[in-house]
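Data from coords.cif: mmCIF, C-alpha atoms and all ligand atoms
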data_data
loop_
_atom_site.label_atom_id
_atom_site.label_comp_id
_atom_site.auth_asym_id
_atom_site.auth_seq_id
_atom_site.Cartn_x
_atom_site.Cartn_y
_atom_site.Cartn_z
CA MET A 1 -75.66 -131.04 -8.62
CA TYR A 2 -73.58 -131.39 -5.50
CA ASP A 3 -69.89 -131.07 -5.09
CA THR A 4 -69.09 -134.80 -5.23
CA ALA A 5 -65.39 -135.55 -4.93
CA THR A 6 -63.89 -137.15 -8.02
CA ASP A 7 -61.90 -140.38 -8.02
CA GLN A 8 -58.73 -138.39 -8.52
CA ASP A 9 -59.36 -136.53 -5.29
CA LYS A 10 -57.40 -137.69 -2.35
CA LYS A 11 -59.77 -139.70 -0.17
CA ILE A 12 -59.32 -137.57 2.89
CA ILE A 13 -60.53 -138.02 6.45
CA ILE A 14 -62.62 -135.19 7.84
CA ALA A 15 -62.76 -135.17 11.65
CA ILE A 16 -65.54 -133.08 13.21
CA ASP A 17 -65.43 -132.70 16.98
CA GLY A 18 -67.28 -130.56 19.47
CA TYR A 19 -69.87 -130.38 22.23
CA SER A 20 -73.32 -131.98 21.99
CA ALA A 21 -75.99 -130.24 19.97
CA CYS A 22 -73.73 -127.85 18.05
CA GLY A 23 -75.00 -129.36 14.81
CA LYS A 24 -72.08 -131.75 14.33
CA SER A 25 -73.97 -134.85 13.24
CA SER A 26 -76.40 -133.20 10.84
CA THR A 27 -73.59 -131.15 9.29
CA ALA A 28 -71.25 -134.13 9.06
CA LYS A 29 -73.97 -136.25 7.37
CA GLU A 30 -74.69 -133.56 4.79
CA VAL A 31 -71.01 -132.93 4.07
CA ALA A 32 -70.47 -136.67 3.58
CA SER A 33 -73.46 -136.96 1.31
CA ARG A 34 -72.40 -134.01 -0.90
CA LEU A 35 -68.83 -135.26 -1.20
CA GLY A 36 -69.87 -138.87 -1.73
CA PHE A 37 -67.98 -139.84 1.45
CA THR A 38 -68.97 -142.31 4.17
CA TYR A 39 -70.32 -140.87 7.42
CA VAL A 40 -69.40 -142.44 10.76
CA ASP A 41 -71.24 -141.34 13.92
CA SER A 42 -68.81 -142.21 16.72
CA GLY A 43 -71.23 -140.95 19.38
CA ALA A 44 -73.78 -143.56 18.24
CA MET A 45 -71.19 -146.23 19.03
CA TYR A 46 -70.78 -145.04 22.65
CA ARG A 47 -74.56 -144.83 22.86
CA ALA A 48 -74.89 -148.42 21.58
CA VAL A 49 -72.47 -149.70 24.24
CA THR A 50 -74.41 -147.75 26.88
CA LEU A 51 -77.71 -149.28 25.76
CA TYR A 52 -76.22 -152.75 25.99
CA PHE A 53 -74.77 -152.05 29.46
CA LEU A 54 -78.15 -150.74 30.67
CA ASP A 55 -80.13 -153.66 29.24
CA HIS A 56 -77.69 -156.22 30.68
CA ASN A 57 -77.16 -154.49 34.04
CA VAL A 58 -73.43 -154.21 33.52
CA ASP A 59 -71.80 -152.80 36.65
CA LEU A 60 -69.56 -149.89 35.61
CA GLU A 61 -67.19 -150.68 38.49
CA ASN A 62 -66.74 -154.31 37.45
CA GLN A 63 -63.91 -154.73 34.93
CA GLN A 64 -64.74 -158.37 34.24
CA GLN A 65 -68.36 -157.62 33.40
CA ILE A 66 -67.26 -154.76 31.17
CA ALA A 67 -64.71 -156.88 29.30
CA LYS A 68 -67.26 -159.68 28.84
CA ALA A 69 -69.93 -157.29 27.57
CA LEU A 70 -67.54 -155.63 25.12
CA LYS A 71 -66.79 -159.05 23.62
CA GLU A 72 -70.52 -159.66 23.14
CA ILE A 73 -71.14 -156.41 21.28
CA THR A 74 -71.12 -155.96 17.51
CA ILE A 75 -71.93 -152.49 16.18
CA THR A 76 -72.68 -151.79 12.53
CA PHE A 77 -74.30 -149.04 10.48
CA LYS A 78 -76.75 -149.64 7.63
CA TYR A 79 -78.22 -147.16 5.21
CA ASN A 80 -82.02 -146.88 5.36
CA LYS A 81 -83.12 -145.75 1.91
CA ALA A 82 -86.66 -144.79 2.95
CA GLU A 83 -85.45 -142.61 5.83
CA ARG A 84 -82.37 -141.52 3.86
CA ARG A 85 -80.09 -142.03 6.85
CA PHE A 86 -77.54 -144.39 8.32
CA GLU A 87 -78.94 -146.33 11.26
CA THR A 88 -77.11 -147.98 14.12
CA TYR A 89 -77.35 -151.73 14.70
CA LEU A 90 -76.35 -153.60 17.83
CA ASN A 91 -75.87 -157.35 17.39
CA GLY A 92 -78.05 -157.20 14.28
CA GLY A 93 -80.95 -155.22 15.80
CA ASN A 94 -81.83 -151.68 14.78
CA ILE A 95 -81.31 -149.44 17.84
CA GLU A 96 -81.27 -146.05 16.14
CA GLU A 97 -84.27 -144.77 18.10
CA ASP A 98 -83.45 -146.40 21.43
CA ILE A 99 -80.00 -144.81 21.63
CA ARG A 100 -81.43 -141.28 21.33
CA ARG A 101 -83.63 -141.67 24.41
CA MET A 102 -82.80 -139.87 27.66
CA ARG A 103 -82.07 -143.09 29.57
CA VAL A 104 -79.09 -143.52 27.25
CA SER A 105 -78.20 -139.80 27.07
CA ASN A 106 -78.11 -139.64 30.87
CA MET A 107 -75.66 -142.54 31.13
CA VAL A 108 -73.47 -142.34 28.02
CA SER A 109 -70.77 -140.01 29.38
CA LYS A 110 -70.25 -142.28 32.40
CA VAL A 111 -69.72 -145.23 30.07
CA SER A 112 -67.49 -143.21 27.75
CA VAL A 113 -64.91 -142.50 30.47
CA ILE A 114 -64.10 -146.21 30.82
CA PRO A 115 -60.68 -146.79 29.18
CA GLU A 116 -61.59 -150.31 27.92
CA VAL A 117 -64.72 -148.96 26.24
CA ARG A 118 -62.74 -146.14 24.60
CA SER A 119 -60.04 -148.42 23.36
CA ALA A 120 -62.56 -150.86 21.80
CA MET A 121 -64.46 -148.01 20.10
CA VAL A 122 -61.31 -146.28 18.83
CA ASP A 123 -60.13 -149.57 17.26
CA LEU A 124 -63.50 -149.98 15.55
CA GLN A 125 -63.54 -146.35 14.37
CA ARG A 126 -60.10 -146.80 12.81
CA VAL A 127 -61.32 -149.89 10.94
CA MET A 128 -64.38 -147.98 9.72
CA GLY A 129 -62.23 -145.08 8.48
CA LYS A 130 -59.73 -147.28 6.67
CA GLY A 131 -59.17 -146.13 3.10
CA GLY A 132 -60.37 -142.58 3.78
CA GLY A 133 -63.25 -140.81 2.08
CA VAL A 134 -64.82 -140.53 5.51
CA VAL A 135 -66.46 -137.88 7.66
CA MET A 136 -66.42 -138.92 11.32
CA ASP A 137 -67.87 -136.85 14.14
CA GLY A 138 -67.36 -137.09 17.89
CA ARG A 139 -65.27 -135.73 20.72
CA ASP A 140 -61.77 -137.11 20.13
CA ILE A 141 -61.62 -137.83 16.40
CA GLY A 142 -59.06 -135.13 15.56
CA THR A 143 -57.03 -135.67 18.74
CA THR A 144 -56.99 -139.43 19.26
CA VAL A 145 -58.74 -141.50 16.60
CA TYR A 146 -57.29 -139.66 13.59
CA PRO A 147 -54.60 -137.23 14.79
CA ASP A 148 -53.36 -137.14 11.15
CA ALA A 149 -56.78 -136.41 9.63
CA GLU A 150 -56.34 -134.16 6.59
CA LEU A 151 -59.11 -131.84 7.78
CA LYS A 152 -60.15 -131.18 11.36
CA VAL A 153 -63.10 -129.07 12.40
CA PHE A 154 -64.13 -128.10 15.92
CA MET A 155 -67.74 -126.95 16.18
CA THR A 156 -69.00 -124.75 18.98
CA ALA A 157 -72.24 -122.89 19.78
CA ASN A 158 -73.52 -120.96 22.76
CA PHE A 159 -75.40 -122.92 25.40
CA GLU A 160 -78.84 -121.42 24.61
CA ALA A 161 -78.54 -122.32 20.92
CA ARG A 162 -77.52 -125.86 21.82
CA VAL A 163 -80.44 -126.36 24.25
CA ASP A 164 -82.84 -124.95 21.69
CA ARG A 165 -81.54 -127.24 18.92
CA ARG A 166 -81.65 -130.39 21.03
CA MET A 167 -85.15 -129.52 22.23
CA ARG A 168 -86.43 -129.16 18.64
CA GLU A 169 -84.63 -132.32 17.53
CA LEU A 170 -86.13 -134.44 20.33
CA GLU A 171 -89.59 -132.92 19.93
CA SER A 172 -89.59 -133.67 16.22
CA ASN A 173 -88.85 -137.30 17.15
CA GLY A 174 -91.87 -137.31 19.46
CA VAL A 175 -89.86 -137.22 22.71
CA GLU A 176 -91.48 -135.20 25.49
CA ILE A 177 -88.88 -133.29 27.45
CA THR A 178 -88.44 -130.03 29.35
CA SER A 179 -85.71 -127.52 28.59
CA ASP A 180 -84.43 -127.97 32.17
CA GLU A 181 -83.85 -131.68 31.56
CA ILE A 182 -81.91 -130.88 28.41
CA LYS A 183 -79.86 -128.18 30.15
CA GLU A 184 -78.96 -130.57 32.95
CA ASN A 185 -78.01 -133.35 30.50
CA LEU A 186 -75.86 -131.14 28.26
CA ALA A 187 -74.09 -129.43 31.17
CA THR A 188 -73.32 -132.73 32.90
CA ARG A 189 -72.02 -134.33 29.70
CA ASP A 190 -69.91 -131.24 28.88
CA ARG A 191 -68.28 -131.52 32.27
CA ILE A 192 -67.63 -135.28 32.18
CA ASP A 193 -66.54 -135.31 28.51
CA SER A 194 -64.05 -132.48 28.88
CA THR A 195 -62.53 -133.50 32.21
CA ARG A 196 -62.14 -137.28 31.76
CA GLU A 197 -58.63 -138.69 31.86
CA VAL A 198 -58.60 -140.62 28.59
CA SER A 199 -58.93 -138.49 25.43
CA PRO A 200 -61.03 -135.66 26.83
CA LEU A 201 -63.00 -133.41 24.52
CA ARG A 202 -60.70 -130.62 23.34
CA LYS A 203 -59.96 -128.76 20.16
CA ALA A 204 -56.96 -130.16 18.29
CA ASP A 205 -54.32 -127.45 17.75
CA ASP A 206 -54.71 -127.69 13.98
CA ALA A 207 -58.55 -127.79 13.93
CA HIS A 208 -60.62 -125.05 12.28
CA GLU A 209 -63.11 -123.71 14.79
CA ILE A 210 -66.62 -122.95 13.55
CA ASP A 211 -69.07 -121.21 15.88
CA THR A 212 -72.52 -122.22 14.69
CA SER A 213 -74.59 -120.01 17.06
CA TYR A 214 -75.51 -117.42 14.45
CA ILE A 215 -74.98 -119.10 11.09
CA THR A 216 -77.39 -121.23 9.09
CA PHE A 217 -77.10 -124.95 8.52
CA GLU A 218 -76.29 -124.33 4.86
CA GLN A 219 -73.48 -121.95 5.83
CA GLN A 220 -72.00 -124.56 8.19
CA VAL A 221 -72.05 -127.18 5.46
CA GLN A 222 -70.61 -124.82 2.82
CA LYS A 223 -67.78 -123.75 5.10
CA ILE A 224 -66.65 -127.35 5.63
CA ILE A 225 -67.07 -128.27 1.96
CA GLU A 226 -64.85 -125.28 1.03
CA LEU A 227 -62.21 -126.33 3.55
CA ALA A 228 -62.35 -129.92 2.26
CA ARG A 229 -62.10 -128.83 -1.38
CA SER A 230 -59.09 -126.66 -0.74
CA ARG A 231 -57.41 -129.42 1.29
CA MET A 232 -58.04 -131.99 -1.48
CA LYS A 233 -56.71 -129.57 -4.07
CA ALA A 234 -53.57 -128.89 -2.06
CA LEU A 235 -52.97 -132.61 -1.61
CA SER A 236 -53.49 -133.50 -5.26
CA ASN A 237 -51.01 -130.74 -6.26
CA ALA A 238 -48.47 -131.94 -3.72
O1 LIG B 1 -75.66 -136.35 19.91
P1 LIG B 1 -74.79 -135.69 20.92
O2 LIG B 1 -73.92 -134.63 20.31
O3 LIG B 1 -75.52 -135.23 22.11
O4 LIG B 1 -73.81 -136.77 21.48
P2 LIG B 1 -73.12 -137.95 20.71
O5 LIG B 1 -72.22 -137.45 19.63
O6 LIG B 1 -74.16 -138.94 20.34
O7 LIG B 1 -72.19 -138.55 21.86
C1 LIG B 1 -72.75 -139.09 23.03
C2 LIG B 1 -71.67 -139.21 24.08
O8 LIG B 1 -70.71 -140.17 23.64
C3 LIG B 1 -70.87 -137.96 24.39
O9 LIG B 1 -71.49 -137.12 25.34
C4 LIG B 1 -69.56 -138.55 24.92
O10 LIG B 1 -69.68 -138.91 26.26
C5 LIG B 1 -69.42 -139.83 24.10
N1 LIG B 1 -68.52 -139.70 22.97
C6 LIG B 1 -67.17 -139.81 23.20
O11 LIG B 1 -66.74 -139.93 24.33
N2 LIG B 1 -66.29 -139.80 22.16
C7 LIG B 1 -66.72 -139.65 20.91
N3 LIG B 1 -65.83 -139.69 19.91
C8 LIG B 1 -68.09 -139.53 20.64
C9 LIG B 1 -68.98 -139.53 21.70
#
Would you mind writing the file's structure down as structure tokens?
Ligand code: CDP
Amino acid sequence: MYDTATDQDKKIIIAIDGYSACGKSSTAKEVASRLGFTYVDSGAMYRAVTLYFLDHNVDLENQQQIAKALKEITITFKYNKAERRFETYLNGGNIEEDIRRMRVSNMVSKVSVIPEVRSAMVDLQRVMGKGGGVVMDGRDIGTTVYPDAELKVFMTANFEARVDRRMRELESNGVEITSDEIKENLATRDRIDSTREVSPLRKADDAHEIDTSYITFEQQVQKIIELARSRMKALSNA
């Protein structure tokens, strides 16, 4: 029923970047599922490192502790058939729910500025994307991880729409939170993510920008599927 890519199609890489709560992850997951591609949530990887640092009291100023912790961390994704989603595992344990909590959200951007953390995650993301047929979402996928990705999308949305979406998402997961807490978290992460020295969040010059403030989820998904189809067609005719 869906638009699954055929074997003849070029196994492209689709990079989806943008600010938090613009609908990146849910859109990326759906696009991957309809095309029969693998989905990689790069943000979950930074969240997993953050959880480990919090639980092991890693001092963010201490390079030795950081290097040691990074060596101890193994991150994997496994598909949960019952929940119909990929879940994040840290050293074999399922941490999908823990990494969405505010204690992690409030710390993750401070961990993500650390060059050693970025370099370890970028290496892992490149391994996960090997062979193509991948949709990866994050902040620097089209600029740093896959600057040659065949399709790059940059998703935006106005601040109110983002706060509203994150609020509904957390509430549906049973997390009690005020809209002020969400506003504070999103604004702080926007600032840190887009001003950090190593691979800051920015739109790649060749990315297609999609403003999701006033379009439906289905329209977002369709737009990217159309872009992917036309890119795959152009490549297979080349
Ligand atoms: O779910 P949400 O959009 O709020 O964030 P996320 O995609 O889970 O990413 C969490 C944090 O990880 C971001 O705020 C960034 O600090 C960091 N991140 C990054 O630096 N680079 C990426 N490619 C992905 C995430």
Report as a tab-separated table the residues of chain A within 6 Å of ligand LIG 1 (chain B), each with its shortest atom pair and distance in Å (one decimal), using all atoms listed in the file, ordered by chain and increasing residue number.
residue	atom	partner	partner_atom	distance
A:Ser20	CA	B:LIG1	O2	3.2
A:Ala21	CA	B:LIG1	O2	4.9
A:Ser42	CA	B:LIG1	C8	4.8
A:Gly43	CA	B:LIG1	C9	3.5
A:Ala44	CA	B:LIG1	O6	5.1
A:Tyr46	CA	B:LIG1	O8	5.0
A:Val108	CA	B:LIG1	C2	5.3
A:Ser109	CA	B:LIG1	O10	3.5
A:Ser112	CA	B:LIG1	O11	4.8
A:Gly138	CA	B:LIG1	N3	3.6
A:Arg139	CA	B:LIG1	N3	4.1
A:Asp140	CA	B:LIG1	N3	4.8
A:Ile141	CA	B:LIG1	N3	5.8
A:Arg189	CA	B:LIG1	O9	5.2
A:Asp193	CA	B:LIG1	O10	5.3
### Query
Of the candidates A:Arg118, A:Lys78, A:His56, A:Lys203, which shows the shortest atom-to-atom distance to A:Phe154, using only C-alpha atoms?
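Looking at the shortest contact to A:Phe154, the residue is A:Lys203.
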### Task
Rank nothing, just name the residue among A:Val135, A:Leu90, A:Ile192, A:Val153 nearest to A:Val111, using all atoms listed in the file.
A:Ile192
### Query
Within 10 Å of (-75.3, -147.9, 22.4), all atoms listed in the file: residues as a ChimeraX atom specification?
/A:43-54,73,75,88-90,95-96,98-100,104-105,108,111
### Task
Go through A:Ile224, A:Leu70, A:Leu124, A:Ile114 one by one, measure the shortest atom-to-atom distance of each to A:Ile210 using all atoms listed in the file, and give the residue with the smallest value.
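Counting all atoms listed in the file, the residue closest to A:Ile210 is A:Ile224.
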### Query
At a cut-off of 8 Å from (-58.2, -145.1, 34.5) in the coordinates of the file, what residues are picked up using all atoms listed in the file, written as a PyMOL selection string?
chain A and resi 114-115+197-198
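Residues lying within 8 Å of stretch 128-131 of chain A, counting only C-alpha atoms and ignoring same-chain neighbours fewer than 4 positions away, are Lys11, Ile13, Val40, Leu124 and Met136 of chain A.
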Put those residues in a file: C-alpha atoms, as a short mmCIF file (atom, residue, chain, number, x, y, z; two decimals), keeping the file's coordinate frame.
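See out.cif below for the written result:
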data_model
loop_
_atom_site.label_atom_id
_atom_site.label_comp_id
_atom_site.auth_asym_id
_atom_site.auth_seq_id
_atom_site.Cartn_x
_atom_site.Cartn_y
_atom_site.Cartn_z
CA LYS A 11 -59.77 -139.70 -0.17
CA ILE A 13 -60.53 -138.02 6.45
CA VAL A 40 -69.40 -142.44 10.76
CA LEU A 124 -63.50 -149.98 15.55
CA MET A 136 -66.42 -138.92 11.32
#
### Query
So which one's closest to A:Glu169, A:Phe77, A:Arg101, A:Gln65, A:Lys29? Using all atoms listed in the file, please.
A:Arg101
Just need the box for stretch 160-171 of chain A, edges along x, y and z, holding every atom the file lists for it with 6 Å tacked onto each side, so centre and edge lengths in Å to one decimal, as JSON.
{"center_x": -83.6, "center_y": -127.9, "center_z": 21.1, "size_x": 24.1, "size_y": 25.0, "size_z": 19.1}
